[in-house]
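For reference, my_file_11.txt is printed below; it contains compact mmCIF, N, CA and C atoms.
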```
# COMPACT_ATOMS: atom_id res chain seq x y z
N MET P 12 -63.13 -80.34 -44.79
CA MET P 12 -62.79 -81.53 -44.08
C MET P 12 -61.51 -82.14 -44.57
N ASN P 13 -61.27 -81.97 -45.81
CA ASN P 13 -60.06 -82.51 -46.40
C ASN P 13 -58.82 -81.94 -45.75
N LEU P 14 -58.85 -80.64 -45.52
CA LEU P 14 -57.70 -79.98 -44.89
C LEU P 14 -57.52 -80.49 -43.47
N GLN P 15 -58.63 -80.64 -42.80
CA GLN P 15 -58.56 -81.12 -41.42
C GLN P 15 -58.03 -82.56 -41.40
N ALA P 16 -58.44 -83.36 -42.31
CA ALA P 16 -57.98 -84.75 -42.39
C ALA P 16 -56.49 -84.78 -42.72
N GLU P 17 -56.07 -83.94 -43.64
CA GLU P 17 -54.64 -83.87 -43.98
C GLU P 17 -53.82 -83.42 -42.79
N LYS P 18 -54.36 -82.44 -42.08
CA LYS P 18 -53.65 -81.93 -40.90
C LYS P 18 -53.49 -83.04 -39.85
N LYS P 19 -54.58 -83.76 -39.62
CA LYS P 19 -54.52 -84.86 -38.64
C LYS P 19 -53.56 -85.94 -39.11
N MET P 20 -53.56 -86.19 -40.43
CA MET P 20 -52.66 -87.20 -40.99
C MET P 20 -51.21 -86.78 -40.78
N LYS P 21 -50.92 -85.50 -41.02
CA LYS P 21 -49.56 -84.99 -40.82
C LYS P 21 -49.18 -85.08 -39.35
N GLU P 22 -50.11 -84.74 -38.48
CA GLU P 22 -49.84 -84.82 -37.04
C GLU P 22 -49.57 -86.27 -36.63
N ALA P 23 -50.38 -87.17 -37.19
CA ALA P 23 -50.20 -88.59 -36.88
C ALA P 23 -48.84 -89.07 -37.40
N ASP P 24 -48.47 -88.65 -38.61
CA ASP P 24 -47.16 -89.02 -39.18
C ASP P 24 -46.03 -88.47 -38.32
N ALA P 25 -46.20 -87.21 -37.88
CA ALA P 25 -45.16 -86.59 -37.04
C ALA P 25 -45.04 -87.33 -35.71
N ALA P 26 -46.18 -87.68 -35.14
CA ALA P 26 -46.17 -88.41 -33.86
C ALA P 26 -45.54 -89.79 -34.05
N ALA P 27 -45.88 -90.45 -35.16
CA ALA P 27 -45.30 -91.77 -35.45
C ALA P 27 -43.79 -91.65 -35.63
N LYS P 28 -43.37 -90.61 -36.34
CA LYS P 28 -41.93 -90.39 -36.56
C LYS P 28 -41.23 -90.13 -35.22
N GLN P 29 -41.87 -89.33 -34.39
CA GLN P 29 -41.31 -89.03 -33.07
C GLN P 29 -41.18 -90.30 -32.23
N LEU P 30 -42.22 -91.12 -32.25
CA LEU P 30 -42.17 -92.39 -31.52
C LEU P 30 -41.08 -93.30 -32.08
N GLN P 31 -40.97 -93.33 -33.39
CA GLN P 31 -39.95 -94.16 -34.03
C GLN P 31 -38.55 -93.67 -33.63
N ASP P 32 -38.37 -92.35 -33.61
CA ASP P 32 -37.08 -91.78 -33.21
C ASP P 32 -36.77 -92.12 -31.75
N ARG P 33 -37.77 -92.00 -30.89
CA ARG P 33 -37.57 -92.34 -29.47
C ARG P 33 -37.22 -93.83 -29.32
N GLU P 34 -37.96 -94.65 -30.06
CA GLU P 34 -37.71 -96.10 -30.01
C GLU P 34 -36.27 -96.41 -30.45
N GLN P 35 -35.85 -95.76 -31.53
CA GLN P 35 -34.48 -95.97 -32.02
C GLN P 35 -33.45 -95.50 -30.99
N LYS P 36 -33.74 -94.36 -30.36
CA LYS P 36 -32.83 -93.83 -29.35
C LYS P 36 -32.73 -94.79 -28.16
N VAL P 37 -33.87 -95.30 -27.69
CA VAL P 37 -33.88 -96.25 -26.57
C VAL P 37 -33.13 -97.52 -26.96
N GLU P 38 -33.36 -98.00 -28.19
CA GLU P 38 -32.67 -99.20 -28.66
C GLU P 38 -31.16 -98.97 -28.71
N ASP P 39 -30.76 -97.82 -29.22
CA ASP P 39 -29.32 -97.49 -29.28
C ASP P 39 -28.72 -97.43 -27.87
N GLN P 40 -29.46 -96.83 -26.94
CA GLN P 40 -28.98 -96.76 -25.56
C GLN P 40 -28.86 -98.15 -24.95
N ALA P 41 -29.84 -99.00 -25.24
CA ALA P 41 -29.80 -100.37 -24.71
C ALA P 41 -28.60 -101.13 -25.28
N ILE P 42 -28.37 -100.99 -26.58
CA ILE P 42 -27.22 -101.65 -27.21
C ILE P 42 -25.93 -101.14 -26.59
N SER P 43 -25.85 -99.84 -26.39
CA SER P 43 -24.65 -99.25 -25.78
C SER P 43 -24.45 -99.77 -24.35
N ALA P 44 -25.56 -99.86 -23.61
CA ALA P 44 -25.47 -100.36 -22.23
C ALA P 44 -25.01 -101.81 -22.20
N VAL P 45 -25.51 -102.62 -23.13
CA VAL P 45 -25.10 -104.03 -23.21
C VAL P 45 -23.61 -104.12 -23.55
N ARG P 46 -23.17 -103.32 -24.50
CA ARG P 46 -21.74 -103.33 -24.88
C ARG P 46 -20.86 -102.92 -23.70
N THR P 47 -21.30 -101.88 -22.99
CA THR P 47 -20.55 -101.43 -21.82
C THR P 47 -20.50 -102.52 -20.76
N ALA P 48 -21.64 -103.16 -20.53
CA ALA P 48 -21.70 -104.24 -19.53
C ALA P 48 -20.78 -105.39 -19.94
N LYS P 49 -20.80 -105.75 -21.23
CA LYS P 49 -19.93 -106.83 -21.71
C LYS P 49 -18.46 -106.47 -21.51
N ALA P 50 -18.11 -105.23 -21.80
CA ALA P 50 -16.73 -104.78 -21.62
C ALA P 50 -16.34 -104.83 -20.14
N GLN P 51 -17.26 -104.42 -19.27
CA GLN P 51 -16.98 -104.46 -17.84
C GLN P 51 -16.83 -105.90 -17.34
N VAL P 52 -17.68 -106.80 -17.83
CA VAL P 52 -17.58 -108.21 -17.46
C VAL P 52 -16.25 -108.78 -17.93
N SER P 53 -15.88 -108.45 -19.16
CA SER P 53 -14.61 -108.93 -19.70
C SER P 53 -13.44 -108.42 -18.87
N GLN P 54 -13.48 -107.16 -18.50
CA GLN P 54 -12.42 -106.57 -17.67
C GLN P 54 -12.38 -107.25 -16.31
N ALA P 55 -13.55 -107.48 -15.73
CA ALA P 55 -13.61 -108.14 -14.42
C ALA P 55 -13.05 -109.55 -14.51
N GLN P 56 -13.35 -110.26 -15.60
CA GLN P 56 -12.82 -111.61 -15.78
C GLN P 56 -11.30 -111.59 -15.88
N LYS P 57 -10.77 -110.60 -16.59
CA LYS P 57 -9.30 -110.46 -16.70
C LYS P 57 -8.69 -110.21 -15.32
N GLU P 58 -9.34 -109.34 -14.55
CA GLU P 58 -8.83 -109.03 -13.21
C GLU P 58 -8.88 -110.25 -12.30
N VAL P 59 -9.97 -111.02 -12.40
CA VAL P 59 -10.09 -112.25 -11.60
C VAL P 59 -8.99 -113.22 -11.99
N LYS P 60 -8.75 -113.39 -13.28
CA LYS P 60 -7.70 -114.30 -13.75
C LYS P 60 -6.34 -113.83 -13.24
N GLN P 61 -6.09 -112.53 -13.31
CA GLN P 61 -4.82 -111.99 -12.83
C GLN P 61 -4.67 -112.25 -11.33
N MET P 62 -5.75 -112.04 -10.57
CA MET P 62 -5.70 -112.30 -9.12
C MET P 62 -5.44 -113.78 -8.84
N GLN P 63 -6.07 -114.65 -9.64
CA GLN P 63 -5.84 -116.09 -9.46
C GLN P 63 -4.39 -116.44 -9.74
N ASP P 64 -3.83 -115.84 -10.80
CA ASP P 64 -2.42 -116.08 -11.13
C ASP P 64 -1.52 -115.59 -10.00
N GLU P 65 -1.83 -114.40 -9.47
CA GLU P 65 -1.03 -113.86 -8.37
C GLU P 65 -1.15 -114.73 -7.13
N LEU P 66 -2.35 -115.25 -6.88
CA LEU P 66 -2.55 -116.14 -5.73
C LEU P 66 -1.73 -117.42 -5.90
N ARG P 67 -1.77 -118.00 -7.10
CA ARG P 67 -0.98 -119.22 -7.35
C ARG P 67 0.51 -118.94 -7.16
N GLN P 68 0.97 -117.78 -7.64
CA GLN P 68 2.38 -117.44 -7.49
C GLN P 68 2.73 -117.25 -6.01
N ALA P 69 1.84 -116.59 -5.28
CA ALA P 69 2.08 -116.38 -3.84
C ALA P 69 2.12 -117.72 -3.11
N GLN P 70 1.24 -118.64 -3.49
CA GLN P 70 1.24 -119.96 -2.87
C GLN P 70 2.54 -120.71 -3.18
N ALA P 71 2.99 -120.61 -4.44
CA ALA P 71 4.26 -121.25 -4.82
C ALA P 71 5.42 -120.64 -4.05
N ASP P 72 5.41 -119.31 -3.91
CA ASP P 72 6.47 -118.63 -3.15
C ASP P 72 6.45 -119.08 -1.69
N ALA P 73 5.25 -119.23 -1.13
CA ALA P 73 5.14 -119.66 0.27
C ALA P 73 5.68 -121.08 0.44
N ILE P 74 5.38 -121.95 -0.52
CA ILE P 74 5.90 -123.32 -0.46
C ILE P 74 7.42 -123.31 -0.52
N GLN P 75 7.96 -122.49 -1.42
CA GLN P 75 9.43 -122.39 -1.53
C GLN P 75 10.02 -121.85 -0.23
N ALA P 76 9.37 -120.87 0.35
CA ALA P 76 9.88 -120.28 1.60
C ALA P 76 9.87 -121.31 2.72
N ARG P 77 8.79 -122.10 2.79
CA ARG P 77 8.73 -123.15 3.83
C ARG P 77 9.81 -124.20 3.60
N ALA P 78 10.05 -124.56 2.34
CA ALA P 78 11.10 -125.54 2.04
C ALA P 78 12.47 -124.99 2.41
N ALA P 79 12.70 -123.71 2.11
CA ALA P 79 13.98 -123.09 2.46
C ALA P 79 14.14 -123.02 3.98
N GLN P 80 13.06 -122.71 4.68
CA GLN P 80 13.12 -122.65 6.14
C GLN P 80 13.42 -124.03 6.71
N ALA P 81 12.77 -125.06 6.17
CA ALA P 81 13.01 -126.43 6.65
C ALA P 81 14.46 -126.83 6.40
N ALA P 82 14.99 -126.48 5.22
CA ALA P 82 16.38 -126.80 4.91
C ALA P 82 17.33 -126.06 5.85
N ALA P 83 17.02 -124.81 6.14
CA ALA P 83 17.87 -124.03 7.05
C ALA P 83 17.82 -124.63 8.46
N GLU P 84 16.63 -125.02 8.90
CA GLU P 84 16.50 -125.63 10.23
C GLU P 84 17.27 -126.95 10.28
N GLU P 85 17.24 -127.70 9.19
CA GLU P 85 17.99 -128.96 9.13
C GLU P 85 19.49 -128.70 9.22
N GLN P 86 19.96 -127.67 8.52
CA GLN P 86 21.39 -127.32 8.58
C GLN P 86 21.79 -126.90 9.99
N VAL P 87 20.93 -126.12 10.65
CA VAL P 87 21.22 -125.70 12.03
C VAL P 87 21.28 -126.92 12.94
N ALA P 88 20.34 -127.85 12.77
CA ALA P 88 20.33 -129.06 13.59
C ALA P 88 21.60 -129.88 13.36
N LYS P 89 22.02 -130.01 12.10
CA LYS P 89 23.25 -130.76 11.80
C LYS P 89 24.46 -130.08 12.43
N ALA P 90 24.51 -128.75 12.33
CA ALA P 90 25.63 -128.01 12.91
C ALA P 90 25.65 -128.19 14.43
N GLU P 91 24.48 -128.15 15.05
CA GLU P 91 24.41 -128.35 16.51
C GLU P 91 24.84 -129.76 16.89
N MET P 92 24.45 -130.76 16.08
CA MET P 92 24.88 -132.14 16.35
C MET P 92 26.39 -132.27 16.21
N LEU P 93 26.96 -131.63 15.19
CA LEU P 93 28.41 -131.67 15.01
C LEU P 93 29.13 -131.00 16.18
N GLN P 94 28.58 -129.87 16.63
CA GLN P 94 29.18 -129.18 17.77
C GLN P 94 29.11 -130.05 19.02
N ALA P 95 27.97 -130.70 19.22
CA ALA P 95 27.82 -131.57 20.38
C ALA P 95 28.79 -132.75 20.30
N ALA P 96 28.94 -133.33 19.11
CA ALA P 96 29.87 -134.45 18.93
C ALA P 96 31.30 -133.98 19.17
N GLN P 97 31.63 -132.79 18.68
CA GLN P 97 32.99 -132.25 18.88
C GLN P 97 33.23 -131.97 20.36
N ALA P 98 32.22 -131.42 21.03
CA ALA P 98 32.36 -131.15 22.47
C ALA P 98 32.55 -132.45 23.24
N GLN P 99 31.79 -133.48 22.88
CA GLN P 99 31.94 -134.79 23.54
C GLN P 99 33.33 -135.36 23.28
N SER P 100 33.79 -135.20 22.05
CA SER P 100 35.14 -135.68 21.70
C SER P 100 36.20 -134.94 22.51
N ASP P 101 36.03 -133.62 22.64
CA ASP P 101 36.98 -132.82 23.42
C ASP P 101 36.97 -133.25 24.89
N ILE P 102 35.77 -133.51 25.43
CA ILE P 102 35.66 -133.96 26.82
C ILE P 102 36.36 -135.30 26.98
N ASN P 103 36.13 -136.21 26.04
CA ASN P 103 36.77 -137.53 26.11
C ASN P 103 38.29 -137.40 26.07
N LYS P 104 38.80 -136.53 25.19
CA LYS P 104 40.26 -136.32 25.10
C LYS P 104 40.80 -135.75 26.41
N ASP P 105 40.06 -134.77 26.96
CA ASP P 105 40.49 -134.17 28.22
C ASP P 105 40.52 -135.21 29.34
N MET P 106 39.49 -136.07 29.38
CA MET P 106 39.44 -137.10 30.42
C MET P 106 40.58 -138.11 30.24
N LEU P 107 40.85 -138.50 29.00
CA LEU P 107 41.96 -139.43 28.74
C LEU P 107 43.28 -138.79 29.12
N GLY P 108 43.40 -137.50 28.77
CA GLY P 108 44.62 -136.78 29.14
C GLY P 108 44.78 -136.71 30.64
N ALA P 109 43.69 -136.46 31.36
CA ALA P 109 43.74 -136.37 32.82
C ALA P 109 44.08 -137.73 33.41
N LEU P 110 43.48 -138.79 32.91
CA LEU P 110 43.79 -140.14 33.40
C LEU P 110 45.25 -140.49 33.14
N SER P 111 45.70 -140.15 31.97
CA SER P 111 47.09 -140.43 31.61
C SER P 111 48.04 -139.66 32.52
N SER P 112 47.70 -138.43 32.80
CA SER P 112 48.52 -137.59 33.66
C SER P 112 48.54 -138.13 35.08
N VAL P 113 47.38 -138.62 35.56
CA VAL P 113 47.30 -139.19 36.91
C VAL P 113 48.15 -140.44 36.98
N ARG P 114 48.11 -141.25 35.98
CA ARG P 114 48.90 -142.50 35.96
C ARG P 114 50.39 -142.19 35.92
N ARG P 115 50.78 -141.16 35.18
CA ARG P 115 52.20 -140.80 35.11
C ARG P 115 52.70 -140.23 36.43
N SER P 116 51.84 -139.51 37.11
CA SER P 116 52.28 -138.89 38.37
C SER P 116 52.28 -139.88 39.52
N ASN P 117 51.58 -140.99 39.41
CA ASN P 117 51.55 -142.02 40.46
C ASN P 117 52.00 -143.36 39.89
N PRO P 118 53.27 -143.52 39.56
CA PRO P 118 53.70 -144.79 38.97
C PRO P 118 53.58 -145.94 39.95
N LEU P 119 53.64 -145.68 41.23
CA LEU P 119 53.54 -146.77 42.21
C LEU P 119 52.16 -147.39 42.17
N GLU P 120 51.16 -146.54 42.06
CA GLU P 120 49.80 -147.07 41.99
C GLU P 120 49.61 -147.90 40.74
N VAL P 121 50.22 -147.44 39.66
CA VAL P 121 50.10 -148.17 38.40
C VAL P 121 50.78 -149.51 38.55
N ALA P 122 52.00 -149.53 39.17
CA ALA P 122 52.73 -150.78 39.36
C ALA P 122 51.99 -151.68 40.32
N ALA P 123 51.40 -151.12 41.33
CA ALA P 123 50.69 -151.91 42.33
C ALA P 123 49.42 -152.51 41.73
N SER P 124 48.83 -151.80 40.81
CA SER P 124 47.61 -152.32 40.21
C SER P 124 47.89 -153.42 39.21
N GLN P 125 49.16 -153.56 38.82
CA GLN P 125 49.47 -154.61 37.84
C GLN P 125 49.76 -155.88 38.49
```
Could I get this structure in the form of structure tokens?
Amino acid sequence: MNLQAEKKMKEADAAAKQLQDREQKVEDQAISAVRTAKAQVSQAQKEVKQMQDELRQAQADAIQARAAQAAAEEQVAKAEMLQAAQAQSDINKDMLGALSSVRRSNPLEVAASQ
């Protein structure tokens, strides 16, 4: 019986060792999985931050582009107003020149009107 008891004891020790080894392996795998997950979360957070930075930069660029467009439109409007004023001035000069020419060619009418 002693031999049988020793054999069972050895089998029980071997089974316990096997269970302990499996438990350690599962624990190591769990720790590895947690570390991997933490690394992935950290990487994802970095990517989100980078995307947020890129979004902020794109928004700033869009604001600058709108401001530049507004400034360009203002310059075009000013140029058009100057052209219109110059055209009106040219028309006024032409009309004065025409009136002056009519008065010079008809001195009798000018004298009669005085």
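Between CA of Gln70 in chain P and atom N of Ala82 in chain P the separation is 17.2 Å.
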The distance between CA of Val87 in chain P and CA of Gln68 in chain P is 28.4 Å
Using the file's own x, y and z axes, what box holds all listed atoms of range 34-44 of chain P with 5 Å on each side, keeping edges along x, y and z, and what are its centre and edge lengths in Å to one decimal, as lines of an AutoDock Vina configuration file?
```
center_x = -31.2
center_y = -97.8
center_z = -27.1
size_x = 23.5
size_y = 18.0
size_z = 19.8
```
Separation of atom N of Glu34 in chain P and CA of Glu22 in chain P, in Å?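 Taking atom N of Glu34 in chain P as the start and CA of Glu22 in chain P as the end point, the length is 16.9 Å.
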